[in-house]
Amino acid sequence: MTGWRHPYPADYGDALELALVEDIGTGDLTSACLPADLQVRGMIEAQAAGIACGVGIAAECLSAVADVEIKVTDGDMIESGDQVLNFEGAAVGCLSHERVALNFLMHLSGVATLTRQFVDAVQGTRARIVDTRKTIPGMRSLQKYAVRCGGGHNHRMGLYDAVMIKDNHIEACGSISRAVEKVRKSIPHTAKIEVETDRLSQVGEAINAGADIVLLDNMPHKDMAEAVQKYADKPVIFEASGGINLLTVRAVAETGVHLISVGALTHSSPALPLHLELI
């Protein structure tokens, strides 16, 4: 079985199993109208241009009930009318698995497609587009995989693999310096520390405290550029965030930041339309 772009999320099987149980439950009532021995052939076809993603998991879904021929790989550009995969099997099984396969394929292709639009918008700058933790519960690894298929990069996977000291942590600790000092004592030496700042005075404090990454959150573009230029000689990575969209991302990239995080990649991407048709 192909269709995946490596490395793919090892836990996709859990999401697929839950989706099938959620949709089919104790059985597909509508399948009573279908002869049990009826064999059908069909295809999944793109209805708009975009970046394919979810081909591997859609093929896995249908392969439980049909023979599947995969036509594209996750990360490939597809056009309206392109066939993503073909299948042949029992009508009862194919039609009961149709919606789950399409749900994964349409959503993940939408994430990958929106990501590619952001990546294209900052082409020629040094900025990289990254995702966030604003993901659908249970779908994080698949959504972050889709971001990679669209040419983007992943931020931390969760609270467990990197430190992000945000405004509420700073408020609770009393200062950026105190928060960094306290967390540094308890984390592995391999873990990075990122500090969220919303004004220039905080940037210097974060860098002096030893932050590896400074998040410039909802700052005016001129302030972002000033921060990057002022601390260009420091071994620190600058990340921009906060309501960044396709109309503003180029201007943010041109401030010189290294990373631009966009929550919309995973929480607001429109599904790419595809459909399953018998042929």
# chains A, B, ... in the order shown; residues from 1 in each chain; ligands from 1

$ select_by_dssp --residues "range 131-244 of chain A" --states "strand (DSSP E or B)" --output "PyMOL selection string"
chain A and resi 153+163-165+193-197+213-217+237-241

$ select_by_dssp --residues "range 133-255 of chain A" --states "helix (DSSP H, G or I)" --output "number ranges by chain"
A: 140-149, 167-173, 176-184, 200-209, 221-230, 249-253

$ write_last_selection --atoms "N, CA and C atoms" --output "short mmCIF file (atom, residue, chain, number, x, y, z; two decimals), in the first residue's frame"
data_model
loop_
_atom_site.label_atom_id
_atom_site.label_comp_id
_atom_site.auth_asym_id
_atom_site.auth_seq_id
_atom_site.Cartn_x
_atom_site.Cartn_y
_atom_site.Cartn_z
N ARG A 140 -4.14 15.42 15.55
CA ARG A 140 -2.96 16.29 15.49
C ARG A 140 -1.87 15.73 14.58
N SER A 141 -1.52 14.46 14.75
CA SER A 141 -0.40 13.92 13.97
C SER A 141 -0.73 13.90 12.48
N LEU A 142 -1.99 13.63 12.14
CA LEU A 142 -2.39 13.63 10.73
C LEU A 142 -2.43 15.05 10.17
N GLN A 143 -2.91 16.00 10.94
CA GLN A 143 -2.94 17.38 10.46
C GLN A 143 -1.52 17.94 10.29
N LYS A 144 -0.64 17.63 11.22
CA LYS A 144 0.74 18.09 11.10
C LYS A 144 1.45 17.39 9.94
N TYR A 145 1.08 16.15 9.68
CA TYR A 145 1.58 15.45 8.49
C TYR A 145 1.12 16.19 7.23
N ALA A 146 -0.13 16.62 7.21
CA ALA A 146 -0.66 17.34 6.05
C ALA A 146 0.08 18.66 5.84
N VAL A 147 0.45 19.33 6.94
CA VAL A 147 1.23 20.56 6.82
C VAL A 147 2.56 20.27 6.13
N ARG A 148 3.20 19.18 6.51
CA ARG A 148 4.47 18.81 5.86
C ARG A 148 4.26 18.50 4.38
N CYS A 149 3.16 17.84 4.06
CA CYS A 149 2.87 17.52 2.66
C CYS A 149 2.64 18.79 1.85
N ASP A 167 2.17 34.37 27.82
CA ASP A 167 1.86 35.52 28.67
C ASP A 167 1.33 35.11 30.04
N ASN A 168 0.52 34.06 30.08
CA ASN A 168 -0.03 33.64 31.37
C ASN A 168 1.03 33.01 32.27
N HIS A 169 1.99 32.32 31.69
CA HIS A 169 3.11 31.80 32.49
C HIS A 169 3.91 32.96 33.08
N ILE A 170 4.16 33.96 32.24
CA ILE A 170 4.93 35.13 32.68
C ILE A 170 4.20 35.85 33.80
N GLU A 171 2.90 36.03 33.64
CA GLU A 171 2.09 36.70 34.67
C GLU A 171 2.14 35.90 35.98
N ALA A 172 2.03 34.59 35.88
CA ALA A 172 2.01 33.75 37.08
C ALA A 172 3.36 33.72 37.78
N CYS A 173 4.45 33.76 37.00
CA CYS A 173 5.80 33.70 37.57
C CYS A 173 6.31 35.07 38.03
N ILE A 176 9.62 37.35 32.83
CA ILE A 176 10.19 36.41 31.85
C ILE A 176 11.44 35.76 32.43
N SER A 177 12.30 36.54 33.02
CA SER A 177 13.57 36.01 33.53
C SER A 177 13.33 34.92 34.57
N ARG A 178 12.40 35.16 35.46
CA ARG A 178 12.10 34.18 36.50
C ARG A 178 11.51 32.91 35.89
N ALA A 179 10.64 33.05 34.91
CA ALA A 179 10.03 31.88 34.28
C ALA A 179 11.07 31.03 33.57
N VAL A 180 11.97 31.67 32.83
CA VAL A 180 13.02 30.93 32.13
C VAL A 180 13.95 30.25 33.12
N GLU A 181 14.33 30.97 34.16
CA GLU A 181 15.24 30.41 35.16
C GLU A 181 14.65 29.16 35.81
N LYS A 182 13.37 29.23 36.17
CA LYS A 182 12.74 28.10 36.85
C LYS A 182 12.57 26.91 35.93
N VAL A 183 12.16 27.14 34.69
CA VAL A 183 11.92 26.01 33.80
C VAL A 183 13.23 25.36 33.36
N ARG A 184 14.29 26.17 33.25
CA ARG A 184 15.59 25.65 32.83
C ARG A 184 16.10 24.57 33.79
N LEU A 200 8.65 45.26 22.41
CA LEU A 200 10.10 45.21 22.22
C LEU A 200 10.86 45.06 23.53
N SER A 201 10.39 45.67 24.60
CA SER A 201 11.10 45.58 25.88
C SER A 201 11.19 44.15 26.38
N GLN A 202 10.22 43.32 26.02
CA GLN A 202 10.25 41.93 26.45
C GLN A 202 11.24 41.11 25.65
N VAL A 203 11.50 41.51 24.41
CA VAL A 203 12.41 40.75 23.55
C VAL A 203 13.80 40.69 24.16
N GLY A 204 14.32 41.84 24.56
CA GLY A 204 15.64 41.88 25.17
C GLY A 204 15.70 41.06 26.44
N GLU A 205 14.65 41.13 27.27
CA GLU A 205 14.62 40.36 28.51
C GLU A 205 14.66 38.86 28.22
N ALA A 206 13.89 38.43 27.20
CA ALA A 206 13.85 37.01 26.85
C ALA A 206 15.21 36.52 26.36
N ILE A 207 15.86 37.32 25.53
CA ILE A 207 17.18 36.94 25.00
C ILE A 207 18.21 36.91 26.12
N ASN A 208 18.20 37.89 26.97
CA ASN A 208 19.15 37.94 28.09
C ASN A 208 18.92 36.80 29.07
N ALA A 209 17.69 36.32 29.15
CA ALA A 209 17.37 35.21 30.06
C ALA A 209 17.80 33.86 29.48
N HIS A 221 4.57 45.31 12.28
CA HIS A 221 5.66 44.83 11.43
C HIS A 221 6.95 45.59 11.67
N LYS A 222 6.85 46.88 11.92
CA LYS A 222 8.07 47.67 12.14
C LYS A 222 8.78 47.23 13.42
N ASP A 223 8.02 46.83 14.42
CA ASP A 223 8.63 46.34 15.66
C ASP A 223 9.29 44.98 15.46
N MET A 224 8.65 44.13 14.65
CA MET A 224 9.27 42.84 14.33
C MET A 224 10.61 43.05 13.65
N ALA A 225 10.62 43.93 12.65
CA ALA A 225 11.85 44.20 11.90
C ALA A 225 12.93 44.77 12.82
N GLU A 226 12.53 45.65 13.73
CA GLU A 226 13.48 46.25 14.66
C GLU A 226 14.08 45.19 15.57
N ALA A 227 13.27 44.29 16.07
CA ALA A 227 13.77 43.23 16.95
C ALA A 227 14.76 42.34 16.22
N VAL A 228 14.42 41.94 14.99
CA VAL A 228 15.31 41.08 14.21
C VAL A 228 16.64 41.77 13.95
N GLN A 229 16.59 43.02 13.57
CA GLN A 229 17.82 43.75 13.26
C GLN A 229 18.66 44.02 14.52
N LYS A 230 18.02 44.39 15.61
CA LYS A 230 18.74 44.73 16.83
C LYS A 230 19.51 43.54 17.39
N VAL A 249 0.95 37.78 5.24
CA VAL A 249 2.10 36.93 5.55
C VAL A 249 3.37 37.37 4.84
N ARG A 250 3.25 37.92 3.63
CA ARG A 250 4.45 38.35 2.91
C ARG A 250 5.14 39.50 3.65
N ALA A 251 4.37 40.45 4.11
CA ALA A 251 4.95 41.58 4.83
C ALA A 251 5.61 41.12 6.12
N VAL A 252 5.02 40.14 6.78
CA VAL A 252 5.63 39.59 8.00
C VAL A 252 6.95 38.91 7.66
N ALA A 253 6.97 38.13 6.59
CA ALA A 253 8.20 37.44 6.19
C ALA A 253 9.31 38.42 5.87
#

$ residues_around --residues "range 76-81 of chain A" --least-positions-apart "3" --cutoff "7 Å" --atoms "only C-alpha atoms" --output "MDAnalysis selection string"
chainID A and resid 45:52 72:73

$ closest_atom_pairs --of "range 85-135 of chain A" --to "range 156-160 of chain A" --cutoff "10 Å" --atoms "only C-alpha atoms" --output "JSON lines"
{"residue": "A:Val130", "atom": "CA", "partner": "A:Arg156", "partner_atom": "CA", "distance": 9.6}
{"residue": "A:Asp131", "atom": "CA", "partner": "A:Arg156", "partner_atom": "CA", "distance": 8.6}
{"residue": "A:Thr132", "atom": "CA", "partner": "A:Arg156", "partner_atom": "CA", "distance": 7.5}
{"residue": "A:Arg133", "atom": "CA", "partner": "A:Gly158", "partner_atom": "CA", "distance": 6.8}

$ atom_distance --atom1 "CA of Ala64 in chain A" --atom2 "CA of Leu105 in chain A"
16.5 Å

$ closest_residue --among "A:Gly110, A:Pro7, A:Pro35, A:Gly13" --to "His267 in chain A" --atoms "only C-alpha atoms"
A:Gly110

$ closest_residue --among "A:Gly174, A:Pro273, A:Pro9, A:Pro235" --to "Leu102 in chain A" --atoms "only C-alpha atoms"
A:Pro273

$ residues_around --residues "Ala271 in chain A" --least-positions-apart "3" --cutoff "8 Å" --atoms "only C-alpha atoms" --output "ChimeraX atom specification"
/A:106-111

$ write_last_selection --atoms "N, CA and C atoms" --output "PDB file, in the first residue's frame"
ATOM      1  N   MET A 106     -10.489  14.775   2.079  1.00  0.00           N
ATOM      2  CA  MET A 106     -10.873  16.167   1.816  1.00  0.00           C
ATOM      3  C   MET A 106     -10.286  17.113   2.861  1.00  0.00           C
ATOM      4  N   HIS A 107     -10.341  16.712   4.121  1.00  0.00           N
ATOM      5  CA  HIS A 107      -9.815  17.590   5.169  1.00  0.00           C
ATOM      6  C   HIS A 107      -8.299  17.727   5.081  1.00  0.00           C
ATOM      7  N   LEU A 108      -7.598  16.615   4.981  1.00  0.00           N
ATOM      8  CA  LEU A 108      -6.132  16.675   4.962  1.00  0.00           C
ATOM      9  C   LEU A 108      -5.627  17.349   3.690  1.00  0.00           C
ATOM     10  N   SER A 109      -6.303  17.145   2.578  1.00  0.00           N
ATOM     11  CA  SER A 109      -5.927  17.851   1.344  1.00  0.00           C
ATOM     12  C   SER A 109      -6.155  19.352   1.495  1.00  0.00           C
ATOM     13  N   GLY A 110      -7.207  19.721   2.233  1.00  0.00           N
ATOM     14  CA  GLY A 110      -7.446  21.136   2.490  1.00  0.00           C
ATOM     15  C   GLY A 110      -6.340  21.763   3.317  1.00  0.00           C
ATOM     16  N   VAL A 111      -5.871  21.051   4.343  1.00  0.00           N
ATOM     17  CA  VAL A 111      -4.760  21.537   5.167  1.00  0.00           C
ATOM     18  C   VAL A 111      -3.499  21.696   4.318  1.00  0.00           C
TER      19      VAL A 111
END

$ residues_around --residues "Ile129 in chain A" --least-positions-apart "3" --cutoff "7 Å" --atoms "only C-alpha atoms" --output "PyMOL selection string"
chain A and resi 118-119+152-153+259-261

$ write_last_selection --atoms "N, CA and C atoms" --output "PDB file, in the first residue's frame"
ATOM      1  N   PHE A 118       0.400  29.440   1.712  1.00  0.00           N
ATOM      2  CA  PHE A 118       1.234  30.257   2.603  1.00  0.00           C
ATOM      3  C   PHE A 118       2.711  30.122   2.243  1.00  0.00           C
ATOM      4  N   VAL A 119       3.149  28.907   1.964  1.00  0.00           N
ATOM      5  CA  VAL A 119       4.549  28.676   1.592  1.00  0.00           C
ATOM      6  C   VAL A 119       4.900  29.450   0.323  1.00  0.00           C
ATOM      7  N   GLY A 152       5.039  22.946   4.483  1.00  0.00           N
ATOM      8  CA  GLY A 152       5.273  23.636   5.741  1.00  0.00           C
ATOM      9  C   GLY A 152       6.102  22.801   6.695  1.00  0.00           C
ATOM     10  N   HIS A 153       6.271  23.316   7.904  1.00  0.00           N
ATOM     11  CA  HIS A 153       7.082  22.650   8.925  1.00  0.00           C
ATOM     12  C   HIS A 153       6.277  22.569  10.214  1.00  0.00           C
ATOM     13  N   LEU A 259      10.616  32.169  11.386  1.00  0.00           N
ATOM     14  CA  LEU A 259       9.437  31.310  11.374  1.00  0.00           C
ATOM     15  C   LEU A 259       8.170  32.155  11.428  1.00  0.00           C
ATOM     16  N   ILE A 260       7.122  31.668  10.792  1.00  0.00           N
ATOM     17  CA  ILE A 260       5.798  32.284  10.898  1.00  0.00           C
ATOM     18  C   ILE A 260       4.812  31.172  11.226  1.00  0.00           C
ATOM     19  N   SER A 261       4.218  31.250  12.412  1.00  0.00           N
ATOM     20  CA  SER A 261       3.263  30.213  12.812  1.00  0.00           C
ATOM     21  C   SER A 261       1.845  30.663  12.487  1.00  0.00           C
TER      22      SER A 261
END

$ closest_residue --among "A:Gly256, A:Gly138, A:Gly89, A:Gly151" --to "Thr115 in chain A" --atoms "only C-alpha atoms"
A:Gly151
